[in-house]
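The file target_6.pdb comes next; it holds PDB, C-alpha atoms.
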ATOM      1  CA  MET A   1     -15.324  43.649 242.278  1.00  0.00           C
ATOM      2  CA  ILE A   2     -13.515  44.552 239.054  1.00  0.00           C
ATOM      3  CA  SER A   3     -14.995  43.269 235.810  1.00  0.00           C
ATOM      4  CA  GLN A   4     -13.754  43.532 232.261  1.00  0.00           C
ATOM      5  CA  ILE A   5     -15.653  43.638 228.982  1.00  0.00           C
ATOM      6  CA  TYR A   6     -13.993  42.345 225.839  1.00  0.00           C
ATOM      7  CA  VAL A   7     -15.084  44.133 222.665  1.00  0.00           C
ATOM      8  CA  ASP A   8     -14.070  42.632 219.322  1.00  0.00           C
ATOM      9  CA  ASP A   9     -13.391  44.707 216.229  1.00  0.00           C
ATOM     10  CA  ILE A  10     -16.969  44.427 215.006  1.00  0.00           C
ATOM     11  CA  VAL A  11     -18.715  47.025 212.866  1.00  0.00           C
ATOM     12  CA  PHE A  12     -22.071  47.724 214.528  1.00  0.00           C
ATOM     13  CA  ASP A  13     -24.993  49.429 212.865  1.00  0.00           C
ATOM     14  CA  GLY A  14     -26.387  52.497 214.619  1.00  0.00           C
ATOM     15  CA  MET A  15     -28.989  50.628 216.700  1.00  0.00           C
ATOM     16  CA  SER A  16     -26.587  47.872 217.796  1.00  0.00           C
ATOM     17  CA  TYR A  17     -23.949  50.399 218.800  1.00  0.00           C
ATOM     18  CA  MET A  18     -26.438  52.310 220.946  1.00  0.00           C
ATOM     19  CA  MET A  19     -27.599  49.090 222.631  1.00  0.00           C
ATOM     20  CA  VAL A  20     -24.027  48.079 223.485  1.00  0.00           C
ATOM     21  CA  LYS A  21     -23.197  51.562 224.752  1.00  0.00           C
ATOM     22  CA  HIS A  22     -26.357  51.617 226.896  1.00  0.00           C
ATOM     23  CA  PHE A  23     -25.496  48.201 228.353  1.00  0.00           C
ATOM     24  CA  VAL A  24     -21.943  49.295 229.193  1.00  0.00           C
ATOM     25  CA  ASN A  25     -23.185  52.474 230.868  1.00  0.00           C
ATOM     26  CA  GLN A  26     -25.661  50.506 232.970  1.00  0.00           C
ATOM     27  CA  MET A  27     -23.007  48.013 234.073  1.00  0.00           C
ATOM     28  CA  GLN A  28     -20.583  50.800 234.988  1.00  0.00           C
ATOM     29  CA  THR A  29     -23.124  52.283 237.385  1.00  0.00           C
ATOM     30  CA  LYS A  30     -23.138  48.990 239.332  1.00  0.00           C
ATOM     31  CA  PHE A  31     -19.583  47.680 238.972  1.00  0.00           C
ATOM     32  CA  GLU A  32     -16.075  49.026 238.615  1.00  0.00           C
ATOM     33  CA  MET A  33     -15.241  48.187 235.020  1.00  0.00           C
ATOM     34  CA  SER A  34     -12.654  48.808 232.358  1.00  0.00           C
ATOM     35  CA  MET A  35     -12.806  48.440 228.594  1.00  0.00           C
ATOM     36  CA  VAL A  36     -10.024  46.327 227.112  1.00  0.00           C
ATOM     37  CA  GLU A  37      -9.067  44.936 223.732  1.00  0.00           C
ATOM     38  CA  GLU A  38     -10.233  41.632 222.262  1.00  0.00           C
ATOM     39  CA  LEU A  39      -9.932  38.483 224.336  1.00  0.00           C
ATOM     40  CA  THR A  40      -6.567  36.678 224.164  1.00  0.00           C
ATOM     41  CA  TYR A  41      -6.375  34.742 227.455  1.00  0.00           C
ATOM     42  CA  PHE A  42      -9.015  33.526 229.920  1.00  0.00           C
ATOM     43  CA  LEU A  43      -8.682  30.960 232.736  1.00  0.00           C
ATOM     44  CA  GLY A  44      -5.806  29.138 231.057  1.00  0.00           C
ATOM     45  CA  LEU A  45      -7.462  29.201 227.636  1.00  0.00           C
ATOM     46  CA  GLN A  46      -5.507  31.057 224.946  1.00  0.00           C
ATOM     47  CA  VAL A  47      -7.534  32.698 222.192  1.00  0.00           C
ATOM     48  CA  LYS A  48      -5.895  33.726 218.927  1.00  0.00           C
ATOM     49  CA  GLN A  49      -8.278  35.721 216.761  1.00  0.00           C
ATOM     50  CA  MET A  50      -7.430  35.941 213.081  1.00  0.00           C
ATOM     51  CA  GLU A  51      -9.198  37.479 210.123  1.00  0.00           C
ATOM     52  CA  ASP A  52     -11.041  34.321 209.068  1.00  0.00           C
ATOM     53  CA  SER A  53     -10.745  32.043 212.107  1.00  0.00           C
ATOM     54  CA  ILE A  54     -10.257  31.689 215.870  1.00  0.00           C
ATOM     55  CA  PHE A  55      -7.762  29.254 217.418  1.00  0.00           C
ATOM     56  CA  LEU A  56      -8.283  27.999 220.984  1.00  0.00           C
ATOM     57  CA  SER A  57      -5.498  26.256 222.875  1.00  0.00           C
ATOM     58  CA  GLN A  58      -4.070  25.675 226.345  1.00  0.00           C
ATOM     59  CA  SER A  59      -0.403  25.424 225.375  1.00  0.00           C
ATOM     60  CA  LYS A  60       0.874  27.415 228.357  1.00  0.00           C
ATOM     61  CA  TYR A  61      -1.223  25.364 230.775  1.00  0.00           C
ATOM     62  CA  ALA A  62      -0.147  22.113 229.099  1.00  0.00           C
ATOM     63  CA  LYS A  63       3.542  22.994 229.479  1.00  0.00           C
ATOM     64  CA  ASN A  64       2.971  23.919 233.131  1.00  0.00           C
ATOM     65  CA  ILE A  65       1.402  20.575 234.070  1.00  0.00           C
ATOM     66  CA  VAL A  66       4.078  18.635 232.173  1.00  0.00           C
ATOM     67  CA  ASN A  67       6.733  20.509 234.182  1.00  0.00           C
ATOM     68  CA  LYS A  68       4.751  20.161 237.415  1.00  0.00           C
ATOM     69  CA  PHE A  69       4.802  16.367 237.227  1.00  0.00           C
ATOM     70  CA  GLY A  70       8.408  16.131 236.032  1.00  0.00           C
ATOM     71  CA  MET A  71       7.703  14.860 232.530  1.00  0.00           C
ATOM     72  CA  ASP A  72       9.272  17.737 230.580  1.00  0.00           C
ATOM     73  CA  ASN A  73      12.425  15.743 229.757  1.00  0.00           C
ATOM     74  CA  ALA A  74      10.630  12.459 229.064  1.00  0.00           C
ATOM     75  CA  SER A  75      10.470  11.012 225.572  1.00  0.00           C
ATOM     76  CA  HIS A  76       7.492  12.096 223.482  1.00  0.00           C
ATOM     77  CA  LYS A  77       4.722   9.681 222.529  1.00  0.00           C
ATOM     78  CA  ARG A  78       2.812   9.854 219.249  1.00  0.00           C
ATOM     79  CA  THR A  79      -0.475   8.682 220.782  1.00  0.00           C
ATOM     80  CA  PRO A  80      -1.984   9.114 224.281  1.00  0.00           C
ATOM     81  CA  THR A  81      -2.415   5.361 224.714  1.00  0.00           C
ATOM     82  CA  PRO A  82      -1.492   2.146 222.901  1.00  0.00           C
ATOM     83  CA  THR A  83      -4.414   0.647 220.982  1.00  0.00           C
ATOM     84  CA  HIS A  84      -4.026  -2.772 222.620  1.00  0.00           C
ATOM     85  CA  LEU A  85      -4.094  -1.545 226.242  1.00  0.00           C
ATOM     86  CA  LYS A  86      -7.117  -2.231 228.468  1.00  0.00           C
ATOM     87  CA  LEU A  87      -6.881  -0.926 232.018  1.00  0.00           C
ATOM     88  CA  SER A  88      -8.416  -2.870 234.893  1.00  0.00           C
ATOM     89  CA  LYS A  89      -8.592  -2.526 238.674  1.00  0.00           C
ATOM     90  CA  ASP A  90      -5.313  -4.481 238.842  1.00  0.00           C
ATOM     91  CA  GLU A  91      -6.036  -5.465 242.433  1.00  0.00           C
ATOM     92  CA  GLY A  92      -2.758  -7.358 242.760  1.00  0.00           C
ATOM     93  CA  GLY A  93      -0.689  -4.460 241.468  1.00  0.00           C
ATOM     94  CA  THR A  94       1.560  -2.052 243.361  1.00  0.00           C
ATOM     95  CA  SER A  95      -0.326   0.845 244.959  1.00  0.00           C
ATOM     96  CA  VAL A  96       0.794   4.427 244.280  1.00  0.00           C
ATOM     97  CA  ASP A  97       0.265   7.803 245.935  1.00  0.00           C
ATOM     98  CA  GLN A  98      -3.455   8.551 245.687  1.00  0.00           C
ATOM     99  CA  SER A  99      -3.014  12.331 246.044  1.00  0.00           C
ATOM    100  CA  LEU A 100      -0.446  12.440 243.249  1.00  0.00           C
ATOM    101  CA  TYR A 101      -2.630  10.351 240.959  1.00  0.00           C
ATOM    102  CA  ARG A 102      -5.707  12.482 241.590  1.00  0.00           C
ATOM    103  CA  GLY A 103      -3.695  15.649 241.011  1.00  0.00           C
ATOM    104  CA  MET A 104      -2.520  14.356 237.634  1.00  0.00           C
ATOM    105  CA  ILE A 105      -6.041  13.325 236.627  1.00  0.00           C
ATOM    106  CA  GLY A 106      -7.550  16.645 237.699  1.00  0.00           C
ATOM    107  CA  SER A 107      -4.941  18.653 235.807  1.00  0.00           C
ATOM    108  CA  LEU A 108      -5.438  16.633 232.625  1.00  0.00           C
ATOM    109  CA  LEU A 109      -9.242  16.787 232.863  1.00  0.00           C
ATOM    110  CA  TYR A 110      -9.057  20.590 232.719  1.00  0.00           C
ATOM    111  CA  LEU A 111      -6.884  20.307 229.625  1.00  0.00           C
ATOM    112  CA  THR A 112      -9.696  18.511 227.785  1.00  0.00           C
ATOM    113  CA  ALA A 113     -11.453  21.898 227.422  1.00  0.00           C
ATOM    114  CA  SER A 114      -9.450  22.311 224.205  1.00  0.00           C
ATOM    115  CA  ARG A 115      -8.030  18.803 223.713  1.00  0.00           C
ATOM    116  CA  PRO A 116     -10.717  16.264 222.742  1.00  0.00           C
ATOM    117  CA  ASP A 117      -7.925  13.924 221.588  1.00  0.00           C
ATOM    118  CA  ILE A 118      -7.166  12.957 225.208  1.00  0.00           C
ATOM    119  CA  ALA A 119     -10.712  13.043 226.620  1.00  0.00           C
ATOM    120  CA  PHE A 120     -11.406   9.292 226.272  1.00  0.00           C
ATOM    121  CA  THR A 121      -8.096   8.132 227.753  1.00  0.00           C
ATOM    122  CA  ILE A 122      -8.324  10.522 230.700  1.00  0.00           C
ATOM    123  CA  GLY A 123     -11.884   9.378 231.344  1.00  0.00           C
ATOM    124  CA  VAL A 124     -10.753   5.755 231.567  1.00  0.00           C
ATOM    125  CA  CYS A 125      -7.851   6.577 233.903  1.00  0.00           C
ATOM    126  CA  ALA A 126     -10.157   8.665 236.113  1.00  0.00           C
ATOM    127  CA  ARG A 127     -12.116   5.505 237.009  1.00  0.00           C
ATOM    128  CA  TYR A 128      -9.253   4.266 239.186  1.00  0.00           C
ATOM    129  CA  GLN A 129      -8.721   7.246 241.484  1.00  0.00           C
ATOM    130  CA  ALA A 130      -9.958   5.367 244.578  1.00  0.00           C
ATOM    131  CA  LYS A 131      -7.184   2.751 244.482  1.00  0.00           C
ATOM    132  CA  PRO A 132      -4.614   3.732 241.838  1.00  0.00           C
ATOM    133  CA  LYS A 133      -1.973   1.178 240.919  1.00  0.00           C
ATOM    134  CA  LEU A 134       1.372   1.379 239.150  1.00  0.00           C
ATOM    135  CA  SER A 135      -0.227   0.315 235.856  1.00  0.00           C
ATOM    136  CA  HIS A 136      -2.652   3.240 236.096  1.00  0.00           C
ATOM    137  CA  ILE A 137      -0.093   5.931 236.838  1.00  0.00           C
ATOM    138  CA  ASN A 138       2.153   4.605 234.064  1.00  0.00           C
ATOM    139  CA  GLN A 139      -0.709   5.186 231.615  1.00  0.00           C
ATOM    140  CA  VAL A 140      -1.249   8.719 232.957  1.00  0.00           C
ATOM    141  CA  LYS A 141       2.480   9.392 232.512  1.00  0.00           C
ATOM    142  CA  ARG A 142       2.195   8.243 228.912  1.00  0.00           C
ATOM    143  CA  ILE A 143      -0.583  10.794 228.376  1.00  0.00           C
ATOM    144  CA  LEU A 144       1.695  13.483 229.826  1.00  0.00           C
ATOM    145  CA  LYS A 145       4.462  12.398 227.435  1.00  0.00           C
ATOM    146  CA  TYR A 146       2.001  12.743 224.564  1.00  0.00           C
ATOM    147  CA  VAL A 147       0.913  16.174 225.812  1.00  0.00           C
ATOM    148  CA  ASN A 148       4.563  17.211 226.130  1.00  0.00           C
ATOM    149  CA  GLY A 149       5.028  16.705 222.409  1.00  0.00           C
ATOM    150  CA  THR A 150       1.701  18.269 221.416  1.00  0.00           C
ATOM    151  CA  CYS A 151       1.437  21.301 223.729  1.00  0.00           C
ATOM    152  CA  ASP A 152       0.503  23.592 220.856  1.00  0.00           C
ATOM    153  CA  TYR A 153      -2.486  21.511 219.739  1.00  0.00           C
ATOM    154  CA  GLY A 154      -5.917  23.128 219.975  1.00  0.00           C
ATOM    155  CA  ILE A 155      -9.179  23.732 218.130  1.00  0.00           C
ATOM    156  CA  LEU A 156      -9.612  25.933 215.070  1.00  0.00           C
ATOM    157  CA  TYR A 157     -12.937  27.618 214.391  1.00  0.00           C
ATOM    158  CA  SER A 158     -13.351  29.097 210.930  1.00  0.00           C
ATOM    159  CA  HIS A 159     -15.817  31.728 209.756  1.00  0.00           C
ATOM    160  CA  GLY A 160     -18.157  31.417 206.807  1.00  0.00           C
ATOM    161  CA  CYS A 161     -18.731  27.658 206.819  1.00  0.00           C
ATOM    162  CA  GLU A 162     -22.150  26.188 206.113  1.00  0.00           C
ATOM    163  CA  PRO A 163     -24.117  25.942 209.413  1.00  0.00           C
ATOM    164  CA  ILE A 164     -24.927  22.256 208.990  1.00  0.00           C
ATOM    165  CA  LEU A 165     -25.056  20.243 212.224  1.00  0.00           C
ATOM    166  CA  SER A 166     -23.576  16.743 212.058  1.00  0.00           C
ATOM    167  CA  GLY A 167     -22.629  14.193 214.695  1.00  0.00           C
ATOM    168  CA  TYR A 168     -20.647  10.976 215.019  1.00  0.00           C
ATOM    169  CA  CYS A 169     -21.026   8.379 217.773  1.00  0.00           C
ATOM    170  CA  ASP A 170     -19.442   5.032 218.593  1.00  0.00           C
ATOM    171  CA  VAL A 171     -19.098   2.522 221.431  1.00  0.00           C
ATOM    172  CA  ASP A 172     -16.379   0.106 222.543  1.00  0.00           C
ATOM    173  CA  TRP A 173     -18.313  -3.108 223.032  1.00  0.00           C
ATOM    174  CA  ASP A 174     -17.055  -5.010 226.071  1.00  0.00           C
ATOM    175  CA  GLY A 175     -14.710  -2.080 226.688  1.00  0.00           C
ATOM    176  CA  SER A 176     -14.244  -2.463 230.442  1.00  0.00           C
ATOM    177  CA  ALA A 177     -12.144  -5.393 231.604  1.00  0.00           C
ATOM    178  CA  ASP A 178     -13.686  -5.126 235.077  1.00  0.00           C
ATOM    179  CA  ASP A 179     -17.445  -5.265 234.464  1.00  0.00           C
ATOM    180  CA  ARG A 180     -17.887  -5.600 230.652  1.00  0.00           C
ATOM    181  CA  LYS A 181     -19.789  -2.289 230.501  1.00  0.00           C
ATOM    182  CA  ILE A 182     -19.461  -0.203 227.382  1.00  0.00           C
ATOM    183  CA  THR A 183     -18.155   3.328 226.908  1.00  0.00           C
ATOM    184  CA  SER A 184     -19.934   5.469 224.359  1.00  0.00           C
ATOM    185  CA  GLY A 185     -18.500   8.568 222.761  1.00  0.00           C
ATOM    186  CA  GLY A 186     -19.355  11.159 220.193  1.00  0.00           C
ATOM    187  CA  CYS A 187     -18.579  14.512 218.665  1.00  0.00           C
ATOM    188  CA  PHE A 188     -20.691  17.150 216.969  1.00  0.00           C
ATOM    189  CA  PHE A 189     -19.767  19.662 214.285  1.00  0.00           C
ATOM    190  CA  LEU A 190     -21.408  22.843 213.086  1.00  0.00           C
ATOM    191  CA  GLY A 191     -20.068  23.020 209.575  1.00  0.00           C
ATOM    192  CA  ASN A 192     -16.358  22.198 209.939  1.00  0.00           C
ATOM    193  CA  ASN A 193     -16.222  23.406 213.547  1.00  0.00           C
ATOM    194  CA  LEU A 194     -16.171  20.996 216.483  1.00  0.00           C
ATOM    195  CA  ILE A 195     -18.643  22.325 219.041  1.00  0.00           C
ATOM    196  CA  SER A 196     -19.220  19.412 221.439  1.00  0.00           C
ATOM    197  CA  TRP A 197     -17.704  16.056 222.383  1.00  0.00           C
ATOM    198  CA  PHE A 198     -18.269  13.459 225.102  1.00  0.00           C
ATOM    199  CA  ASN A 199     -17.444   9.983 226.339  1.00  0.00           C
ATOM    200  CA  LYS A 200     -19.368   8.151 229.032  1.00  0.00           C
ATOM    201  CA  LYS A 201     -19.328   4.723 230.609  1.00  0.00           C
ATOM    202  CA  GLN A 202     -22.825   3.266 230.318  1.00  0.00           C
ATOM    203  CA  ASN A 203     -24.761   1.173 232.834  1.00  0.00           C
ATOM    204  CA  CYS A 204     -25.510  -1.627 230.385  1.00  0.00           C
ATOM    205  CA  VAL A 205     -23.426  -4.784 230.003  1.00  0.00           C
ATOM    206  CA  SER A 206     -22.526  -6.167 226.571  1.00  0.00           C
TER     207      SER A 206
END
Now, as a test, write the supplied structure out as structure tokens.
Amino acid sequence: MISQIYVDDIVFDGMSYMMVKHFVNQMQTKFEMSMVEELTYFLGLQVKQMEDSIFLSQSKYAKNIVNKFGMDNASHKRTPTPTHLKLSKDEGGTSVDQSLYRGMIGSLLYLTASRPDIAFTIGVCARYQAKPKLSHINQVKRILKYVNGTCDYGILYSHGCEPILSGYCDVDWDGSADDRKITSGGCFFLGNNLISWFNKKQNCVS
């Protein structure tokens, strides 16, 4: 097993330096390891470290999935979904390839690691993986068109901001056209930095 340790350009005091060196020596007695420069790429996540901030993105991965599903030449969309659209089971609609639909959903779900702007829409589309219809896959294709035009989007984390924790939450009352259950969502910031986000369909009916 080959492991790698990423060491940033951090100025350690004497005690910290000795602790890090001791840890590295201990690990090297158990594993084959190499020391490399600061982290720039990990599991599809690109990390750009600057003097006063860190930028996380998945631009390479985003371009790959757009090409994979043949949407690289499609027209770009400014939003991942129209505001008036409400998906439903569409039981009378035309069925589509279940494997293809699930592959698209799975690929886009991994992209939400750095793209909270598509998390809600992907979550809604993921509800229909059992029996996907043409209306569902058309919405997923729209998300891919949006991603195609925003591949370089990501999250910026800045240094030196006030460590004040704040959160914002909301719900879409009567959001589901199938069972009238609501979807709640929220995001949390530490200073100006987004550190957590979620959306979840609740069990209650409004």
Report, in Å to a single decimal, how far apart atom CA of A:Leu190 and atom CA of A:Tyr17 are.
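Separation of atom CA of A:Tyr17 and atom CA of A:Leu190: 28.3 Å.
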Take the PyMOL selection byres ((chain A and resi 148) around 10), apply it to the structure above, and return the hits as number ranges by chain.
A: 59, 62-67, 71-77, 142-147, 149-152
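Between atom CA of A:Tyr168 and atom CA of A:Gly186 there is a distance of 5.3 Å.
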Using all atoms listed in the file, collect all residues at a distance of at most 7 Å from (-23.0, 5.6, 228.8) as written in the file, then present them as a list in words.
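With a cut-off of 7 Å, the residues come to Ile182, Thr183, Ser184, Lys200, Lys201, Gln202 and Asn203 of chain A.
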Any chance you could export the current selection's C-alpha atoms as a PDB file, in the frame of the given file?
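Result went into selection-v1.pdb, see below:
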ATOM      1  CA  ILE A 182     -19.461  -0.203 227.382  1.00  0.00           C
ATOM      2  CA  THR A 183     -18.155   3.328 226.908  1.00  0.00           C
ATOM      3  CA  SER A 184     -19.934   5.469 224.359  1.00  0.00           C
ATOM      4  CA  LYS A 200     -19.368   8.151 229.032  1.00  0.00           C
ATOM      5  CA  LYS A 201     -19.328   4.723 230.609  1.00  0.00           C
ATOM      6  CA  GLN A 202     -22.825   3.266 230.318  1.00  0.00           C
ATOM      7  CA  ASN A 203     -24.761   1.173 232.834  1.00  0.00           C
TER       8      ASN A 203
END
Two-atom distance - atom CA of A:Leu194, atom CA of A:Ile105 (Å):
23.8 Å
With the PyMOL selection byres ((chain A and resi 122) around 12) as the selection, what would be picked from this file? Answer as a PyMOL selection string, please.
chain A and resi 80-81+87+101-102+104-112+115-121+123-129+136-137+139-144+147+198-200
Point out the residue among A:Asn193, A:His159, A:Asp174, A:Cys169 with the least atom-to-atom distance to A:Met50, counting only C-alpha atoms.
A:His159
Any chance you could work out the residue set of the PyMOL selection byres ((chain A and resi 91) around 12) here, as a ChimeraX atom specification?
/A:87-90,92-95,128,130-136,178
Take the residues from that selection and put them in a file with C-alpha atoms, as a CSV table (one decimal), in the frame of the given file.
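The result, stored in again_10.csv:
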chain,number,residue,atom,x,y,z
A,87,LEU,CA,-6.9,-0.9,232.0
A,88,SER,CA,-8.4,-2.9,234.9
A,89,LYS,CA,-8.6,-2.5,238.7
A,90,ASP,CA,-5.3,-4.5,238.8
A,92,GLY,CA,-2.8,-7.4,242.8
A,93,GLY,CA,-0.7,-4.5,241.5
A,94,THR,CA,1.6,-2.1,243.4
A,95,SER,CA,-0.3,0.8,245.0
A,128,TYR,CA,-9.3,4.3,239.2
A,130,ALA,CA,-10.0,5.4,244.6
A,131,LYS,CA,-7.2,2.8,244.5
A,132,PRO,CA,-4.6,3.7,241.8
A,133,LYS,CA,-2.0,1.2,240.9
A,134,LEU,CA,1.4,1.4,239.2
A,135,SER,CA,-0.2,0.3,235.9
A,136,HIS,CA,-2.7,3.2,236.1
A,178,ASP,CA,-13.7,-5.1,235.1
Could you give me, as a compact mmCIF listing (two decimals) with C-alpha atoms, keeping the file's coordinate frame, the residues that have an atom at most 8 Å away from the point (-8.5, 29.2, 218.1) in the coordinates of the file, using only C-alpha atoms?
# COMPACT_ATOMS: atom_id res chain seq x y z
CA GLN A 46 -5.51 31.06 224.95
CA VAL A 47 -7.53 32.70 222.19
CA LYS A 48 -5.90 33.73 218.93
CA GLN A 49 -8.28 35.72 216.76
CA SER A 53 -10.74 32.04 212.11
CA ILE A 54 -10.26 31.69 215.87
CA PHE A 55 -7.76 29.25 217.42
CA LEU A 56 -8.28 28.00 220.98
CA SER A 57 -5.50 26.26 222.88
CA GLY A 154 -5.92 23.13 219.98
CA ILE A 155 -9.18 23.73 218.13
CA LEU A 156 -9.61 25.93 215.07
CA TYR A 157 -12.94 27.62 214.39
Across A:Trp197, A:Val96, A:Ser34, A:Gly70, the smallest distance to A:Gly185, with all atoms listed in the file counted, is shown by A:Trp197
Given all atoms listed in the file as the counted atoms, nearest of A:Phe69, A:Cys204, A:Ser166, A:Thr40 to A:Gly103
A:Phe69
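Comparing A:Gln98, A:Ser114, A:Gln58, A:Ser176 by their smallest distance to A:Lys86, the closest is A:Ser176 (using only C-alpha atoms).
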Size and centre in Å, one decimal, axis-aligned box, all listed stretch 181-190 of chain A atoms plus 8 Å per side, as lines of an AutoDock Vina configuration file:
center_x = -19.8
center_y = 10.3
center_z = 221.8
size_x = 19.3
size_y = 41.1
size_z = 33.4
Leaving out A:Val24 and any residue of its chain fewer than 4 positions from it, which residues lie within 9 Å of it when counting all atoms listed in the file, given as a compact mmCIF listing (two decimals) with C-alpha atoms, in the frame of the given file?
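Listed below is the output, part.txt:
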# COMPACT_ATOMS: atom_id res chain seq x y z
CA ILE A 5 -15.65 43.64 228.98
CA MET A 19 -27.60 49.09 222.63
CA VAL A 20 -24.03 48.08 223.48
CA GLN A 28 -20.58 50.80 234.99
CA THR A 29 -23.12 52.28 237.38
CA MET A 33 -15.24 48.19 235.02
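With only C-alpha atoms as the atoms that count, the minimum distance from A:Lys68 to the choices A:Tyr41, A:Leu100, A:Ile164, A:Met27 is reached by A:Leu100.
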